Amino acid sequence: MKLTLQQLKVFATIARYGNLGLAANELCLSKGAVSQSLQELERQLATPLFDRIHPRLQLNNEGRLLQPAAEELLTRMQDIETLFSPDAEPSGQLRLGASQTIGNYLLPALLATSKQELGQPPRVTITNTHQLCHLLANFELDLALIEGENHHPDLVSEPWLHDEMLIVAQPAHPLAGRHRLSLAQLSDETWVLREPQSGSREQFEQQIQPELPRWQAGLELNTLEAVMLAVEKGLGISFISHLAVSDRLQAGRLVALPLARRFPRQLSLIWHRQKYHSATLRRFLQFCRAQEDVLPSQISST
């Protein structure tokens with residue numbers, strides 16, 4: 001049996017995309033060449049690696065067994081150039097994910113100061129926590145920075161920074177001038193919320209909704225900016241990150257209702273437990289961990 005790195009690279013790319021055409025585009029090969037390479041790999045291993053469910057190729061049990069080993073081998077090959085030189089520049093593009101609050105309000109500043117650790121700019125995906133966990137589980141991302149909870153058994157979460165959730169309203173809202181409100185006093189209010197499976201929606205459902213005898217669902221939106229603008233326009237109140245809403249609070253466009261209790265939340269670094277950590281990933285993780293003493297003060301001062 002003579003497996004080649006090209007066969008494993010083709011396999012790993014098809015596994016990420018689940019489609020021969022998309023994999024061929026990524027690899028700059030013809031669809032026929034990609035199909036032939038996969039067929040030869042399956043012939044040498046004497047087993048199919050995918051279930052053919054047109055137009056997708058879905059990893060079967062054997063394919064899922066091979067995927068982490070193939071991903072690790074390919075990443076190790078990228079590291080060979082820097083293996084014996086600790087001062088060498090990192091190589092390989094990091095596939096980085098971030099949930100919306102982090103991606104929109106924290107990640108740009110983080111990337112601007114981490115160019116040395118990354119080598120080349122990362123490929124960034126910004127979406128909700130649930131989708132990021134799905135991408136990590138399929139080895140489509142190397143690392144994600146999330147604000148929600150990880151419920152996937154194959155993923156490892158590491159506590160990172162702290163944020164705080166606030167209940168916000170437009171300045172003219174009748175409750176804006178009140179002192180130390182209880183959650184029960186928010187009954188009958190209309191809420192503008194993120195979509196299900198987002199981090200902030202999950203926290204609303206866990207911490208706020210059970211305390212409301214009555215509540216009214218208003219708009220459901222899939223971006224933070226849309227949520228905050230809807231609240232500004234008087235379409236309801238919302239439960240949202242301090243990190244995201246700080247500029248609007250300072251400008252007086254929104255106000256935080258004075259709740260008698262606080263709602264801290266944990267931001268986390270998350271990756272697949274079988275993911276091999278390349279030199280680039282190790283250096284970026286070290287950089288992120290070093291920000292724990294810097295970024296919290298910036299967040300709390302906003």
# chains A, B, ... in the order shown; residues from 1 in each chain; ligands from 1
>>> select_by_dssp(residues="region 256-295 of chain A", states="strand (DSSP E)", output="list in words")
Ala256, Phe263, Pro264, Arg265, Gln266, Leu267, Ser268, Leu269, Ile270, Trp271 and His272 of chain A
>>> closest_atom_pairs(of="region 50-79 of chain A", to="region 1-21 of chain A", cutoff="6 Å", atoms="only C-alpha atoms", output="Markdown table")
| residue | atom | partner | partner_atom | distance |
| --- | --- | --- | --- | --- |
| A:Arg56 | CA | A:Asn19 | CA | 5.2 |
| A:Leu57 | CA | A:Gly18 | CA | 4.8 |
| A:Ala70 | CA | A:Leu8 | CA | 5.9 |
>>> residues_around(residues="Leu132 (chain A)", least_positions_apart="6", cutoff="8 Å", atoms="only C-alpha atoms", output="PyMOL selection string")
chain A and resi 97-99+144
>>> write_last_selection(atoms="all heavy atoms", output="CSV table (one decimal), in the first residue's frame")
chain,number,residue,atom,x,y,z
A,97,GLY,N,-12.6,30.8,13.5
A,97,GLY,CA,-14.0,31.2,13.6
A,97,GLY,C,-14.3,32.1,14.8
A,97,GLY,O,-13.5,32.0,15.8
A,98,ALA,N,-15.3,32.9,14.8
A,98,ALA,CA,-15.7,33.7,15.9
A,98,ALA,C,-17.2,33.9,15.9
A,98,ALA,O,-17.8,34.1,14.8
A,98,ALA,CB,-15.0,35.1,15.8
A,99,SER,N,-17.8,33.9,17.1
A,99,SER,CA,-19.2,34.2,17.2
A,99,SER,C,-19.3,35.7,17.0
A,99,SER,O,-18.4,36.5,17.0
A,99,SER,CB,-19.8,33.7,18.5
A,99,SER,OG,-19.0,34.1,19.6
A,144,ALA,N,-11.9,28.4,17.3
A,144,ALA,CA,-13.0,29.3,17.3
A,144,ALA,C,-13.0,30.1,18.6
A,144,ALA,O,-12.6,29.5,19.6
A,144,ALA,CB,-14.4,28.7,17.1
>>> residues_around(residues="Leu161 (chain A)", least_positions_apart="5", cutoff="7 Å", atoms="only C-alpha atoms", output="PyMOL selection string")
chain A and resi 266-268+292+296
>>> write_last_selection(atoms="C-alpha atoms", output="PDB file, in the first residue's frame")
ATOM      1  CA  GLN A 266     -17.569  33.578  29.761  1.00  0.00           C
ATOM      2  CA  LEU A 267     -15.867  33.895  26.385  1.00  0.00           C
ATOM      3  CA  SER A 268     -13.983  30.757  25.370  1.00  0.00           C
ATOM      4  CA  GLU A 292      -6.343  37.885  29.328  1.00  0.00           C
ATOM      5  CA  PRO A 296     -10.655  42.609  30.199  1.00  0.00           C
TER       6      PRO A 296
END
>>> residues_around(residues="Leu224 (chain A)", least_positions_apart="2", cutoff="9 Å", atoms="only C-alpha atoms", output="CSV table (one decimal) with C-alpha atoms, in the first residue's frame")
chain,number,residue,atom,x,y,z
A,100,GLN,CA,-20.8,37.5,16.3
A,101,THR,CA,-20.0,39.6,19.3
A,104,ASN,CA,-17.5,42.2,15.1
A,193,LEU,CA,-33.7,38.8,20.1
A,194,ARG,CA,-31.0,37.0,18.2
A,221,LEU,CA,-32.8,38.9,13.9
A,222,ASN,CA,-29.5,37.2,13.0
A,226,ALA,CA,-29.9,44.8,13.5
A,227,VAL,CA,-31.0,43.9,17.1
A,228,MET,CA,-29.5,47.2,18.5
A,229,LEU,CA,-31.0,49.3,15.7
A,240,ILE,CA,-27.1,41.9,24.7
A,244,ALA,CA,-21.2,45.0,21.6
A,245,VAL,CA,-23.4,47.8,22.9
>>> select_by_dssp(residues="region 118-257 of chain A", states="helix (DSSP H, G or I)", output="PyMOL selection string")
chain A and resi 118+129-137+183-186+199-211+224-232+242-251
>>> residues_around(residues="Thr190 (chain A)", least_positions_apart="2", cutoff="12 Å", atoms="only C-alpha atoms", output="CSV table (one decimal) with C-alpha atoms, in the first residue's frame")
chain,number,residue,atom,x,y,z
A,168,VAL,CA,-31.0,47.6,27.0
A,169,ALA,CA,-33.7,49.9,25.8
A,173,HIS,CA,-38.4,53.8,27.4
A,186,LEU,CA,-40.0,43.3,32.8
A,187,SER,CA,-43.1,41.1,32.3
A,188,ASP,CA,-45.2,42.1,29.3
A,192,VAL,CA,-35.9,41.8,20.2
A,193,LEU,CA,-33.7,38.8,20.1
A,209,GLN,CA,-37.0,33.9,30.2
A,212,LEU,CA,-40.6,36.3,33.4
A,214,ARG,CA,-45.2,36.8,30.9
A,215,TRP,CA,-43.1,38.0,28.0
A,216,GLN,CA,-43.7,38.9,24.4
A,217,ALA,CA,-41.4,37.9,21.5
A,218,GLY,CA,-40.9,40.7,19.0
A,219,LEU,CA,-38.4,40.6,16.2
A,220,GLU,CA,-35.9,37.8,15.8
A,230,ALA,CA,-34.4,47.8,16.3
A,231,VAL,CA,-34.2,48.6,20.0
A,234,GLY,CA,-38.4,51.5,20.0
A,235,LEU,CA,-39.3,48.0,18.8
A,236,GLY,CA,-38.6,46.4,22.1
A,237,ILE,CA,-35.8,45.7,24.6
A,238,SER,CA,-33.0,43.2,24.3
A,239,PHE,CA,-30.5,41.2,26.2
>>> residues_around(residues="Gly252 (chain A)", least_positions_apart="3", cutoff="12 Å", atoms="only C-alpha atoms", output="list in words")
Val168, Ala169, Gln170, Pro171, Ala172, Ala176, Glu232, Val245, Ser246, Asp247, Arg248, Leu249, Val255 and Ala256 of chain A
>>> write_last_selection(atoms="N, CA and C atoms", output="PDB file, in the first residue's frame")
ATOM      1  N   VAL A 168     -31.032  46.217  27.485  1.00  0.00           N
ATOM      2  CA  VAL A 168     -30.952  47.578  26.972  1.00  0.00           C
ATOM      3  C   VAL A 168     -32.291  48.001  26.360  1.00  0.00           C
ATOM      4  N   ALA A 169     -32.503  49.320  26.359  1.00  0.00           N
ATOM      5  CA  ALA A 169     -33.725  49.911  25.807  1.00  0.00           C
ATOM      6  C   ALA A 169     -33.367  51.263  25.215  1.00  0.00           C
ATOM      7  N   GLN A 170     -34.293  51.842  24.473  1.00  0.00           N
ATOM      8  CA  GLN A 170     -34.082  53.207  23.992  1.00  0.00           C
ATOM      9  C   GLN A 170     -34.206  54.167  25.183  1.00  0.00           C
ATOM     10  N   PRO A 171     -33.540  55.323  25.133  1.00  0.00           N
ATOM     11  CA  PRO A 171     -33.551  56.240  26.287  1.00  0.00           C
ATOM     12  C   PRO A 171     -34.939  56.685  26.717  1.00  0.00           C
ATOM     13  N   ALA A 172     -35.900  56.730  25.801  1.00  0.00           N
ATOM     14  CA  ALA A 172     -37.245  57.200  26.142  1.00  0.00           C
ATOM     15  C   ALA A 172     -38.130  56.094  26.710  1.00  0.00           C
ATOM     16  N   ALA A 176     -36.558  53.234  31.704  1.00  0.00           N
ATOM     17  CA  ALA A 176     -35.170  53.709  31.664  1.00  0.00           C
ATOM     18  C   ALA A 176     -34.800  54.534  32.890  1.00  0.00           C
ATOM     19  N   GLU A 232     -33.156  50.704  19.286  1.00  0.00           N
ATOM     20  CA  GLU A 232     -33.093  52.167  19.156  1.00  0.00           C
ATOM     21  C   GLU A 232     -34.396  52.738  18.610  1.00  0.00           C
ATOM     22  N   VAL A 245     -22.507  46.629  22.834  1.00  0.00           N
ATOM     23  CA  VAL A 245     -23.384  47.789  22.945  1.00  0.00           C
ATOM     24  C   VAL A 245     -22.696  49.002  23.556  1.00  0.00           C
ATOM     25  N   SER A 246     -21.428  48.878  23.960  1.00  0.00           N
ATOM     26  CA  SER A 246     -20.773  49.952  24.718  1.00  0.00           C
ATOM     27  C   SER A 246     -20.753  51.287  23.981  1.00  0.00           C
ATOM     28  N   ASP A 247     -20.484  51.277  22.665  1.00  0.00           N
ATOM     29  CA  ASP A 247     -20.439  52.537  21.908  1.00  0.00           C
ATOM     30  C   ASP A 247     -21.796  53.237  21.910  1.00  0.00           C
ATOM     31  N   ARG A 248     -22.864  52.482  21.776  1.00  0.00           N
ATOM     32  CA  ARG A 248     -24.203  53.078  21.781  1.00  0.00           C
ATOM     33  C   ARG A 248     -24.576  53.597  23.170  1.00  0.00           C
ATOM     34  N   LEU A 249     -24.112  52.931  24.218  1.00  0.00           N
ATOM     35  CA  LEU A 249     -24.372  53.428  25.569  1.00  0.00           C
ATOM     36  C   LEU A 249     -23.658  54.752  25.800  1.00  0.00           C
ATOM     37  N   VAL A 255     -29.772  52.768  26.494  1.00  0.00           N
ATOM     38  CA  VAL A 255     -29.461  52.782  27.923  1.00  0.00           C
ATOM     39  C   VAL A 255     -29.576  51.359  28.462  1.00  0.00           C
ATOM     40  N   ALA A 256     -28.769  51.071  29.475  1.00  0.00           N
ATOM     41  CA  ALA A 256     -28.859  49.784  30.160  1.00  0.00           C
ATOM     42  C   ALA A 256     -29.853  49.913  31.301  1.00  0.00           C
TER      43      ALA A 256
END
